[in-house]
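Data first, discussion second: the structure below is written as structure tokens.
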Protein chains: 2
Amino acid sequence: MQIELINTGSVLMLGRVLNTHQQWLCRQLADLGYVVTRQIGVSDDAGPMLDVVRESLTRADLIITTGGLGPTSDDCTRDLIAGMLGVKLVRHDEVLSRITEFFTSRKRLMPESTKVQALVPAGALVLLNAHGTAPGLVMEVPAGKFRSKATLLIMLPGPPRELRPMFTNQIVPLLKEKLPLETEFICRTLKTTGLGESRVEEMIAPKLKHLTDRGLELGYCARTGEVDVRFVARGCGAQQTVAEAECILRVAIGDNVFGVDDEQLETVIVRLLTEQKQTLALAESCTSGFIANRITNVPGASSVLWGGVVSYANEAKMKFLGVQQSTLAAHGAVSEETAREMAEGARRVSGADFALSATGIAGPDGGTAEKPVGTVFIGFASAEKSRAYKFFNRFDRETFKYVTSQQALEILRRALL
Amino acid sequence: MQIELINTGSVLMLGRVLNTHQQWLCRQLADLGYVVTRQIGVSDDAGPMLDVVRESLTRADLIITTGGLGPTSDDCTRDLIAGMLGVKLVRHDEVLSRITEFFTSRKRLMPESTKVQALVPAGALVLLNAHGTAPGLVMEVPAGKFRSKATLLIMLPGPPRELRPMFTNQIVPLLKEKLPLETEFICRTLKTTGLGESRVEEMIAPKLKHLTDRGLELGYCARTGEVDVRFVARGCGAQQTVAEAECILRVAIGDNVFGVDDEQLETVIVRLLTEQKQTLALAESCTSGFIANRITNVPGASSVLWGGVVSYANEAKMKFLGVQQSTLAAHGAVSEETAREMAEGARRVSGADFALSATGIAGPDGGTAEKPVGTVFIGFASAEKSRAYKFFNRFDRETFKYVTSQQALEILRRALL
């Protein structure tokens, strides 16, 4: 099945906004067994956009477009596609009354231009928008018009919080009805840490050969401090094949596997702490809340995370965590000793079972010859021990925080194994 | 000029990874005046990938591909494109010696498969990779082969921290030399808050008509709690046109404009606090470090952010911030009174000029009839006053934190105007 995703918007082509639709929709579709064969980004100018849609219509069984259904002058997807297909736009009364209500209920004036969203291509299936004003639209382009088979053409609004529930609640049932799948499809990702991409392949590929020979697809993705291994299998026995491949990988790589699929290190940490009925406190200087933020992205975090301190100023390190002035004076805020005292202090003040701390120089300024930008100390405290680990993370500020948080969480994960 | 960006990787089509290359490269290119006309995502399977590259070669002056240059079995971009163009792969000695050194200097064994990265298409310009092992490759596809004009074909490695410096340091000078631009290009984004998309258009579009008539492009992008207005102008006088448009918008919309281009609310906050020599402390419960994290993404944050507390447990609220047990008992942790005491406590304990606090119910669980999931109180304390504001942010956990942090930062921004 040929499936194409078209993301429209000049804002995309100018790089002013991150296209999150691609991953989200591709992921949702793949989990149902519909693998997108091509994704295209194009401006909302009539010429280029129509070229792209017309070309897709010659190839695809299913086309999903995003964006261009709103009320402003650059929202032209509806008009352009209807025009190209030779279909008139007609007013949809229910949509119009819902738009009116949307503004009334929020006690906001309804700008005249919003009414354009109630115009829909004649004959289109209209998907009401529970979180906004622009409806989604579904058209069936008949066989013989652009290619020998029919094409299902779905237009979704651009804002993620409108598009996502519309996809989940309205598109998924529609796909299952209109384009039923005949074959099983399994995709599973195993996430590893501590090994390079080539090394991972070397360790597993020969052992998986009998499965890849039978059609198992094997993919690798190197990320910062992490290598993902992806198994894809189709058809009868797919589930069994992937289960066997996972088993072989786990035997070969062991503790370096930290999670599966979307599982992040923070998800694993919350799971392990919950299972072991342990709690955590944080003392974050250079990561300044990023570790706490990651952990609290996980539902259920409140039962394992006591809280933490963002001790940016030295005074905060002393006041909240009891770091000694003499330690700061002798070794500096970015030092093994301070990191350890921060972790010990966080554990002491909170009564939590474990504490993690991070202190370092994110840059771009603040480095010295002895402690250049990128220097980080991560402290760890438990009932048994406290220790600090030195790392050198020379990245931009955001990557610096991410990598440091990843190292801190990995130290804790190893302690929980 | 036709510019196409091709992002390869089955991992993209399966939605297992977010494609950040699209925004980053489109943005870098647009800032130089090169606007990408089409972006395509495709798997690394030979058939679909070659179809896409072949089609792009019939249209584009410049093609940039990302991914598929690494050492594993699914990295086939180099081989496939060389094969299609009828060019042999030859060993590049400098690349090989750098790969060897990469492993030696890290004291890691060099897997045999990494050597494949030293094979390059004969005649290609080789871009050495300062942060990894796979080189970038540049080929000039001569006129007459796929279309009447020549095409510059650039292949970049997939990992962002390899691709980005390679683009900045090696591709930018190459583009300026090989594809010089003749016309001026200006793109500027004005970021607004507090008004809907249609309302913004209603307030500015009529006043900008004389400029749009003269070719100014006007675009809108509605985001969570924010509407971006984008001005694009080309050719002689572009700078002047955009400056005039910005002036008109600022008069019409006033304080609702909070930033330009990539300026985030946190950037504005750090700038305003720095200018006014004021400091900030945070008491985060439901946002749990997310506000601190945003602020410390901005270089220079350390001179305005004292620090903060992630007070997830009630005990943390009392111990660090002096929130009264009686307040928690009478009104609960998620209440106006607690939010105010948290902000006051953070300000008192830190001696900072301002404090912000947030306490709420992120969900999915924890809501009650009186305080459903999504309920948030944001506290603000200054020398003059302390106050709490109630919001209702019914989203997934990550969006909940983002929206809450946006509201908190906006309260502070208004106080700093």
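Naming scheme: A, B, ... for chains in displayed order of the structure tokens; residues 1 onward per chain; ligands 1 onward as shown.
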- Item | Shell around region 386-402 of chain A at 6 Å using only C-alpha atoms, local window under 2 positions removed, as number ranges by chain | A: 287, 336, 340, 362, 374-381, 404-405
Rotate and translate chain A onto chain B via least squares on all in-order Cα pairs, then write the result as a short mmCIF file (atom, residue, chain, number, x, y, z; two decimals) with C-alpha atoms, in the first residue's frame.
```
data_model
loop_
_atom_site.label_atom_id
_atom_site.label_comp_id
_atom_site.auth_asym_id
_atom_site.auth_seq_id
_atom_site.Cartn_x
_atom_site.Cartn_y
_atom_site.Cartn_z
CA MET A 1 16.14 28.51 -7.59
CA GLN A 2 14.73 25.05 -6.93
CA ILE A 3 16.13 23.52 -3.75
CA GLU A 4 15.11 20.10 -2.49
CA LEU A 5 15.92 18.44 0.81
CA ILE A 6 15.75 14.64 0.98
CA ASN A 7 15.75 13.05 4.44
CA THR A 8 16.36 9.32 4.18
CA GLY A 9 15.77 6.64 6.79
CA SER A 10 13.18 3.97 7.48
CA VAL A 11 13.27 5.18 11.06
CA LEU A 12 11.65 8.41 9.87
CA MET A 13 8.89 6.66 7.97
CA LEU A 14 8.15 4.46 10.96
CA GLY A 15 7.89 7.59 13.11
CA ARG A 16 10.58 6.37 15.49
CA VAL A 17 12.55 9.58 15.45
CA LEU A 18 11.74 13.25 15.06
CA ASN A 19 13.13 14.77 11.87
CA THR A 20 14.90 17.87 13.17
CA HIS A 21 17.00 18.21 10.01
CA GLN A 22 14.11 19.67 8.08
CA GLN A 23 13.64 22.69 10.28
CA TRP A 24 17.31 23.21 10.98
CA LEU A 25 18.48 23.04 7.37
CA CYS A 26 15.48 24.96 6.00
CA ARG A 27 16.13 27.67 8.56
CA GLN A 28 19.87 27.93 7.88
CA LEU A 29 19.25 28.01 4.15
CA ALA A 30 16.43 30.56 4.36
CA ASP A 31 18.56 32.87 6.46
CA LEU A 32 21.04 32.89 3.59
CA GLY A 33 18.26 33.51 1.08
CA TYR A 34 18.01 29.92 -0.20
CA VAL A 35 14.39 28.84 0.33
CA VAL A 36 13.80 25.10 0.14
CA THR A 37 11.07 24.41 -2.43
CA ARG A 38 10.40 20.82 -1.50
CA GLN A 39 11.35 18.52 1.36
CA ILE A 40 10.96 14.78 1.04
CA GLY A 41 11.23 11.98 3.57
CA VAL A 42 11.73 8.45 2.28
CA SER A 43 12.91 5.09 3.58
CA ASP A 44 16.43 3.87 2.89
CA ASP A 45 15.16 1.05 0.68
CA ALA A 46 16.82 1.21 -2.73
CA GLY A 47 13.66 1.49 -4.88
CA PRO A 48 11.82 4.33 -3.14
CA MET A 49 15.00 6.25 -2.33
CA LEU A 50 16.31 6.18 -5.89
CA ASP A 51 12.89 7.20 -7.24
CA VAL A 52 12.92 10.25 -5.02
CA VAL A 53 16.50 11.26 -5.86
CA ARG A 54 15.92 10.73 -9.59
CA GLU A 55 12.77 12.85 -9.57
CA SER A 56 14.53 15.62 -7.64
CA LEU A 57 17.37 15.57 -10.18
CA THR A 58 14.85 16.47 -12.90
CA ARG A 59 13.73 19.56 -10.97
CA ALA A 60 16.33 20.95 -8.60
CA ASP A 61 19.38 23.20 -8.81
CA LEU A 62 20.45 22.03 -5.38
CA ILE A 63 19.70 18.76 -3.61
CA ILE A 64 20.74 18.03 -0.05
CA THR A 65 20.31 14.51 1.30
CA THR A 66 20.69 13.52 4.93
CA GLY A 67 21.43 10.11 6.40
CA GLY A 68 22.59 6.75 5.12
CA LEU A 69 26.33 7.46 5.12
CA GLY A 70 27.14 5.49 8.28
CA PRO A 71 28.72 2.08 8.75
CA THR A 72 25.73 -0.23 9.25
CA SER A 73 23.96 -2.36 6.69
CA ASP A 74 21.06 0.06 6.29
CA ASP A 75 23.39 2.91 5.31
CA CYS A 76 23.18 2.83 1.52
CA THR A 77 22.81 6.41 0.29
CA ARG A 78 26.42 6.63 -0.91
CA ASP A 79 26.33 3.34 -2.81
CA LEU A 80 22.89 3.83 -4.32
CA ILE A 81 23.46 7.35 -5.56
CA ALA A 82 26.92 6.55 -6.94
CA GLY A 83 25.42 3.55 -8.71
CA MET A 84 22.59 5.57 -10.20
CA LEU A 85 25.00 8.21 -11.47
CA GLY A 86 27.29 5.52 -12.87
CA VAL A 87 30.23 6.55 -10.69
CA LYS A 88 32.58 4.08 -8.99
CA LEU A 89 33.35 4.13 -5.26
CA VAL A 90 37.03 4.60 -4.46
CA ARG A 91 38.92 4.50 -1.20
CA HIS A 92 39.77 7.88 0.31
CA ASP A 93 42.97 7.53 2.32
CA GLU A 94 42.59 10.61 4.47
CA VAL A 95 39.08 9.57 5.51
CA LEU A 96 40.33 6.09 6.32
CA SER A 97 43.16 7.35 8.46
CA ARG A 98 40.80 9.71 10.30
CA ILE A 99 38.39 6.85 11.01
CA THR A 100 41.26 4.79 12.37
CA GLU A 101 42.37 7.69 14.52
CA PHE A 102 38.81 8.27 15.75
CA PHE A 103 38.82 4.81 17.31
CA THR A 104 42.45 4.86 18.45
CA SER A 105 42.05 8.18 20.28
CA ARG A 106 38.98 6.84 22.09
CA LYS A 107 40.80 3.57 22.88
CA ARG A 108 38.00 1.63 21.20
CA LEU A 109 38.30 -1.34 18.88
CA MET A 110 37.61 -0.38 15.28
CA PRO A 111 34.90 -2.62 13.82
CA GLU A 112 35.71 -3.75 10.28
CA SER A 113 32.43 -2.33 8.93
CA THR A 114 33.38 1.27 9.70
CA LYS A 115 35.88 1.18 6.84
CA VAL A 116 33.05 1.36 4.34
CA GLN A 117 32.76 5.03 5.24
CA ALA A 118 36.10 5.67 3.54
CA LEU A 119 34.62 4.69 0.18
CA VAL A 120 33.60 7.78 -1.80
CA PRO A 121 32.20 8.31 -5.31
CA ALA A 122 35.06 9.01 -7.72
CA GLY A 123 35.37 12.73 -8.36
CA ALA A 124 33.21 13.75 -5.39
CA LEU A 125 34.30 16.57 -3.14
CA VAL A 126 34.87 14.98 0.29
CA LEU A 127 33.88 16.93 3.41
CA LEU A 128 35.79 15.67 6.43
CA ASN A 129 33.66 15.04 9.51
CA ALA A 130 35.01 16.78 12.62
CA HIS A 131 32.56 15.00 14.95
CA GLY A 132 32.18 11.51 13.55
CA THR A 133 33.42 9.04 11.00
CA ALA A 134 31.20 9.45 7.90
CA PRO A 135 32.35 12.21 5.52
CA GLY A 136 29.94 14.44 3.65
CA LEU A 137 29.98 14.20 -0.15
CA VAL A 138 29.38 16.78 -2.87
CA MET A 139 28.78 15.83 -6.50
CA GLU A 140 28.05 18.00 -9.50
CA VAL A 141 25.55 16.31 -11.79
CA PRO A 142 26.19 17.79 -15.22
CA ALA A 143 23.59 19.52 -17.38
CA GLY A 144 21.86 17.26 -19.87
CA LYS A 145 21.85 14.17 -17.66
CA PHE A 146 18.52 14.64 -15.86
CA ARG A 147 17.53 18.13 -16.97
CA SER A 148 18.91 20.97 -19.06
CA LYS A 149 20.84 22.52 -16.17
CA ALA A 150 23.43 21.13 -13.76
CA THR A 151 22.51 20.09 -10.21
CA LEU A 152 24.64 20.34 -7.11
CA LEU A 153 24.06 17.22 -5.02
CA ILE A 154 25.20 17.29 -1.40
CA MET A 155 25.07 14.24 0.89
CA LEU A 156 25.29 14.90 4.64
CA PRO A 157 25.59 12.42 7.53
CA GLY A 158 22.48 11.89 9.68
CA PRO A 159 23.56 12.65 13.27
CA PRO A 160 22.73 16.33 13.97
CA ARG A 161 25.95 17.00 15.82
CA GLU A 162 27.91 15.87 12.76
CA LEU A 163 25.65 17.44 10.15
CA ARG A 164 25.31 20.88 11.72
CA PRO A 165 28.96 21.92 11.99
CA MET A 166 29.62 20.39 8.56
CA PHE A 167 26.84 22.51 7.07
CA THR A 168 27.94 25.70 8.80
CA ASN A 169 31.65 25.36 8.22
CA GLN A 170 31.83 23.62 4.85
CA ILE A 171 28.51 23.85 2.98
CA VAL A 172 27.76 27.54 3.51
CA PRO A 173 30.99 28.76 1.84
CA LEU A 174 30.47 26.20 -0.93
CA LEU A 175 26.93 27.43 -1.66
CA LYS A 176 28.02 31.04 -1.79
CA GLU A 177 30.65 30.09 -4.33
CA LYS A 178 28.71 27.61 -6.46
CA LEU A 179 25.19 29.09 -6.32
CA PRO A 180 25.52 32.81 -5.65
CA LEU A 181 22.26 34.70 -5.07
CA GLU A 182 21.31 37.81 -6.96
CA THR A 183 18.46 39.11 -4.86
CA GLU A 184 17.92 40.34 -1.31
CA PHE A 185 15.73 38.17 0.90
CA ILE A 186 14.33 39.10 4.32
CA CYS A 187 12.20 36.95 6.61
CA ARG A 188 11.15 38.19 10.02
CA THR A 189 8.75 36.68 12.54
CA LEU A 190 6.89 38.70 15.15
CA LYS A 191 5.65 36.61 18.06
CA THR A 192 2.42 37.58 19.77
CA THR A 193 0.47 36.33 22.72
CA GLY A 194 -3.04 36.94 24.06
CA LEU A 195 -4.86 37.19 20.70
CA GLY A 196 -6.37 34.59 18.36
CA GLU A 197 -5.07 34.07 14.82
CA SER A 198 -8.09 35.60 13.06
CA ARG A 199 -8.07 38.56 15.44
CA VAL A 200 -4.41 39.24 14.71
CA GLU A 201 -5.10 39.18 10.98
CA GLU A 202 -8.09 41.46 11.39
CA MET A 203 -5.99 43.95 13.33
CA ILE A 204 -3.05 44.11 10.93
CA ALA A 205 -3.90 42.90 7.42
CA PRO A 206 -5.86 46.00 6.29
CA LYS A 207 -3.08 48.27 7.56
CA LEU A 208 -0.45 46.28 5.65
CA LYS A 209 -2.35 46.21 2.36
CA HIS A 210 -0.16 48.78 0.60
CA LEU A 211 2.86 46.59 1.43
CA THR A 212 1.33 43.25 0.48
CA ASP A 213 0.23 44.88 -2.78
CA ARG A 214 3.91 45.65 -3.35
CA GLY A 215 4.92 42.03 -2.79
CA LEU A 216 5.25 41.62 0.99
CA GLU A 217 4.30 38.05 1.92
CA LEU A 218 2.32 37.74 5.12
CA GLY A 219 2.01 34.44 7.01
CA TYR A 220 0.43 33.34 10.28
CA CYS A 221 1.19 30.42 12.54
CA ALA A 222 -1.07 29.59 15.48
CA ARG A 223 0.71 27.80 18.30
CA THR A 224 -0.30 26.90 21.82
CA GLY A 225 -0.90 30.27 23.48
CA GLU A 226 0.92 32.15 20.75
CA VAL A 227 0.40 33.48 17.21
CA ASP A 228 3.41 34.13 15.01
CA VAL A 229 3.21 36.66 12.17
CA ARG A 230 5.76 36.23 9.41
CA PHE A 231 6.91 38.85 6.93
CA VAL A 232 8.85 37.83 3.82
CA ALA A 233 10.13 40.28 1.24
CA ARG A 234 12.48 39.85 -1.72
CA GLY A 235 14.44 42.05 -4.00
CA CYS A 236 15.58 45.63 -3.76
CA GLY A 237 14.03 47.41 -0.77
CA ALA A 238 13.10 44.17 1.03
CA GLN A 239 14.69 45.30 4.29
CA GLN A 240 12.81 48.60 4.21
CA THR A 241 9.47 46.90 3.45
CA VAL A 242 9.80 44.45 6.36
CA ALA A 243 10.91 47.21 8.75
CA GLU A 244 7.85 49.25 7.82
CA ALA A 245 5.55 46.23 8.23
CA GLU A 246 7.01 45.53 11.68
CA CYS A 247 6.46 49.12 12.71
CA ILE A 248 2.80 49.00 11.64
CA LEU A 249 2.26 45.70 13.46
CA ARG A 250 3.84 46.98 16.68
CA VAL A 251 1.63 50.05 16.66
CA ALA A 252 -1.48 47.91 16.05
CA ILE A 253 -0.77 45.11 18.53
CA GLY A 254 1.42 46.76 21.16
CA ASP A 255 2.40 44.78 24.24
CA ASN A 256 1.00 41.58 22.77
CA VAL A 257 4.19 41.34 20.73
CA PHE A 258 6.70 39.61 22.97
CA GLY A 259 9.56 38.72 20.66
CA VAL A 260 11.01 38.39 17.19
CA ASP A 261 12.31 35.44 15.15
CA ASP A 262 13.65 32.71 17.45
CA GLU A 263 13.21 34.74 20.58
CA GLN A 264 11.38 32.67 23.15
CA LEU A 265 9.62 34.06 26.17
CA GLU A 266 12.55 32.86 28.33
CA THR A 267 15.02 34.83 26.17
CA VAL A 268 12.92 37.94 26.66
CA ILE A 269 12.73 37.33 30.42
CA VAL A 270 16.50 36.94 30.76
CA ARG A 271 17.01 40.07 28.66
CA LEU A 272 14.54 42.16 30.68
CA LEU A 273 15.87 40.94 34.05
CA THR A 274 19.45 41.61 32.94
CA GLU A 275 18.61 45.11 31.69
CA GLN A 276 16.79 45.94 34.91
CA LYS A 277 19.40 44.22 37.14
CA GLN A 278 16.70 42.13 38.81
CA THR A 279 16.82 38.52 39.97
CA LEU A 280 14.37 35.65 40.02
CA ALA A 281 13.70 32.61 42.19
CA LEU A 282 11.35 29.76 41.38
CA ALA A 283 9.12 27.43 43.35
CA GLU A 284 7.91 24.76 40.98
CA SER A 285 5.58 21.98 41.89
CA CYS A 286 3.58 20.87 38.83
CA THR A 287 6.08 22.31 36.35
CA SER A 288 8.84 20.63 38.38
CA GLY A 289 11.91 22.30 36.95
CA PHE A 290 10.55 23.09 33.51
CA ILE A 291 10.54 26.86 34.07
CA ALA A 292 14.08 26.74 35.48
CA ASN A 293 15.11 24.60 32.55
CA ARG A 294 13.69 27.05 30.01
CA ILE A 295 15.35 30.03 31.65
CA THR A 296 18.73 28.32 31.92
CA ASN A 297 18.63 27.44 28.23
CA VAL A 298 19.45 31.11 27.70
CA PRO A 299 23.14 32.02 27.94
CA GLY A 300 23.61 34.53 30.75
CA ALA A 301 20.78 33.09 32.85
CA SER A 302 23.14 32.56 35.78
CA SER A 303 23.28 36.28 36.48
CA VAL A 304 19.51 36.62 36.88
CA LEU A 305 18.31 33.23 38.16
CA TRP A 306 19.10 32.61 41.80
CA GLY A 307 17.75 29.10 41.67
CA GLY A 308 14.63 27.31 42.67
CA VAL A 309 12.92 24.49 44.35
CA VAL A 310 11.16 21.55 42.78
CA SER A 311 8.69 21.01 45.59
CA TYR A 312 6.90 17.91 44.46
CA ALA A 313 6.20 16.59 47.96
CA ASN A 314 4.30 18.76 50.48
CA GLU A 315 7.20 18.32 52.85
CA ALA A 316 9.46 20.01 50.29
CA LYS A 317 7.04 22.96 50.13
CA MET A 318 7.22 23.36 53.90
CA LYS A 319 10.91 22.66 54.38
CA PHE A 320 12.34 24.75 51.56
CA LEU A 321 9.70 27.42 51.14
CA GLY A 322 8.10 27.79 54.54
CA VAL A 323 4.60 27.01 53.28
CA GLN A 324 2.43 26.63 56.41
CA GLN A 325 1.11 23.19 57.27
CA SER A 326 -2.18 24.92 58.13
CA THR A 327 -2.40 26.40 54.61
CA LEU A 328 -1.86 23.00 53.04
CA ALA A 329 -4.40 21.44 55.40
CA ALA A 330 -7.05 24.12 54.89
CA HIS A 331 -6.72 24.75 51.15
CA GLY A 332 -4.68 21.89 49.74
CA ALA A 333 -1.39 21.89 47.83
CA VAL A 334 -3.17 23.05 44.68
CA SER A 335 -4.69 26.33 45.82
CA GLU A 336 -4.35 30.06 45.49
CA GLU A 337 -3.06 30.31 49.06
CA THR A 338 -0.35 27.67 48.62
CA ALA A 339 0.78 29.17 45.29
CA ARG A 340 1.13 32.55 46.95
CA GLU A 341 3.01 31.19 49.96
CA MET A 342 5.32 29.27 47.64
CA ALA A 343 6.19 32.41 45.69
CA GLU A 344 6.58 34.47 48.85
CA GLY A 345 8.74 31.74 50.40
CA ALA A 346 10.99 31.47 47.35
CA ARG A 347 11.44 35.24 47.32
CA ARG A 348 12.13 35.39 51.06
CA VAL A 349 14.60 32.49 51.20
CA SER A 350 16.51 33.64 48.11
CA GLY A 351 16.42 37.38 48.53
CA ALA A 352 15.58 37.59 44.81
CA ASP A 353 13.56 40.51 43.45
CA PHE A 354 10.87 38.32 41.93
CA ALA A 355 9.58 34.84 42.49
CA LEU A 356 7.25 32.66 40.46
CA SER A 357 5.52 29.52 41.67
CA ALA A 358 3.32 26.89 40.05
CA THR A 359 1.17 24.24 41.65
CA GLY A 360 -1.42 22.21 39.81
CA ILE A 361 -2.73 18.85 38.68
CA ALA A 362 -0.99 17.67 35.53
CA GLY A 363 -2.91 14.39 35.33
CA PRO A 364 -3.74 11.87 34.05
CA ASP A 365 -4.78 11.09 37.67
CA GLY A 366 -5.18 13.20 40.78
CA GLY A 367 -8.15 15.36 39.80
CA THR A 368 -11.26 15.91 41.91
CA ALA A 369 -14.68 17.36 41.15
CA GLU A 370 -13.65 20.65 42.71
CA LYS A 371 -10.13 20.65 41.24
CA PRO A 372 -10.16 18.68 38.01
CA VAL A 373 -7.03 17.61 36.13
CA GLY A 374 -5.65 20.74 34.46
CA THR A 375 -6.23 23.09 37.43
CA VAL A 376 -3.19 25.32 38.01
CA PHE A 377 -2.34 28.20 40.30
CA ILE A 378 0.59 30.42 39.41
CA GLY A 379 2.00 32.58 42.18
CA PHE A 380 3.91 35.80 41.67
CA ALA A 381 5.81 37.75 44.32
CA SER A 382 7.65 41.06 44.08
CA ALA A 383 8.61 43.78 46.53
CA GLU A 384 5.20 45.40 45.90
CA LYS A 385 2.80 42.49 45.93
CA SER A 386 2.13 38.82 45.88
CA ARG A 387 -0.72 37.29 43.94
CA ALA A 388 -1.90 33.98 42.56
CA TYR A 389 -3.58 33.42 39.21
CA LYS A 390 -5.82 30.48 38.37
CA PHE A 391 -5.65 28.69 35.02
CA PHE A 392 -7.19 25.60 33.56
CA ASN A 393 -4.70 23.73 31.35
CA ARG A 394 -6.22 20.45 30.29
CA PHE A 395 -3.49 18.84 28.17
CA ASP A 396 -1.08 15.90 28.23
CA ARG A 397 1.66 16.25 30.87
CA GLU A 398 4.28 17.81 28.62
CA THR A 399 1.94 20.34 27.02
CA PHE A 400 0.53 21.07 30.49
CA LYS A 401 4.00 22.02 31.70
CA TYR A 402 4.73 24.06 28.59
CA VAL A 403 1.50 26.05 28.73
CA THR A 404 1.84 26.62 32.49
CA SER A 405 5.44 27.81 32.11
CA GLN A 406 4.34 30.11 29.28
CA GLN A 407 1.65 31.66 31.50
CA ALA A 408 4.09 32.10 34.39
CA LEU A 409 6.73 33.73 32.20
CA GLU A 410 4.11 35.99 30.64
CA ILE A 411 2.99 37.16 34.10
CA LEU A 412 6.60 38.06 34.85
CA ARG A 413 7.09 39.73 31.45
CA ARG A 414 4.07 41.97 32.00
CA ALA A 415 5.47 42.91 35.42
CA LEU A 416 8.79 43.86 33.83
CA LEU A 417 7.33 46.10 31.09
#
```
- Task: Return as a count of residues only the full set of residues in region 213-325 of chain B whose backbone-based DSSP assignment is helix (DSSP H, G or I).
- Result: 50
- Please identify which residues in region 251-412 of chain A DSSP calls strand (DSSP E) from the backbone, and express them as a ChimeraX atom specification. /A:257-260,280-284,305-310,354-360,375-381,386-392
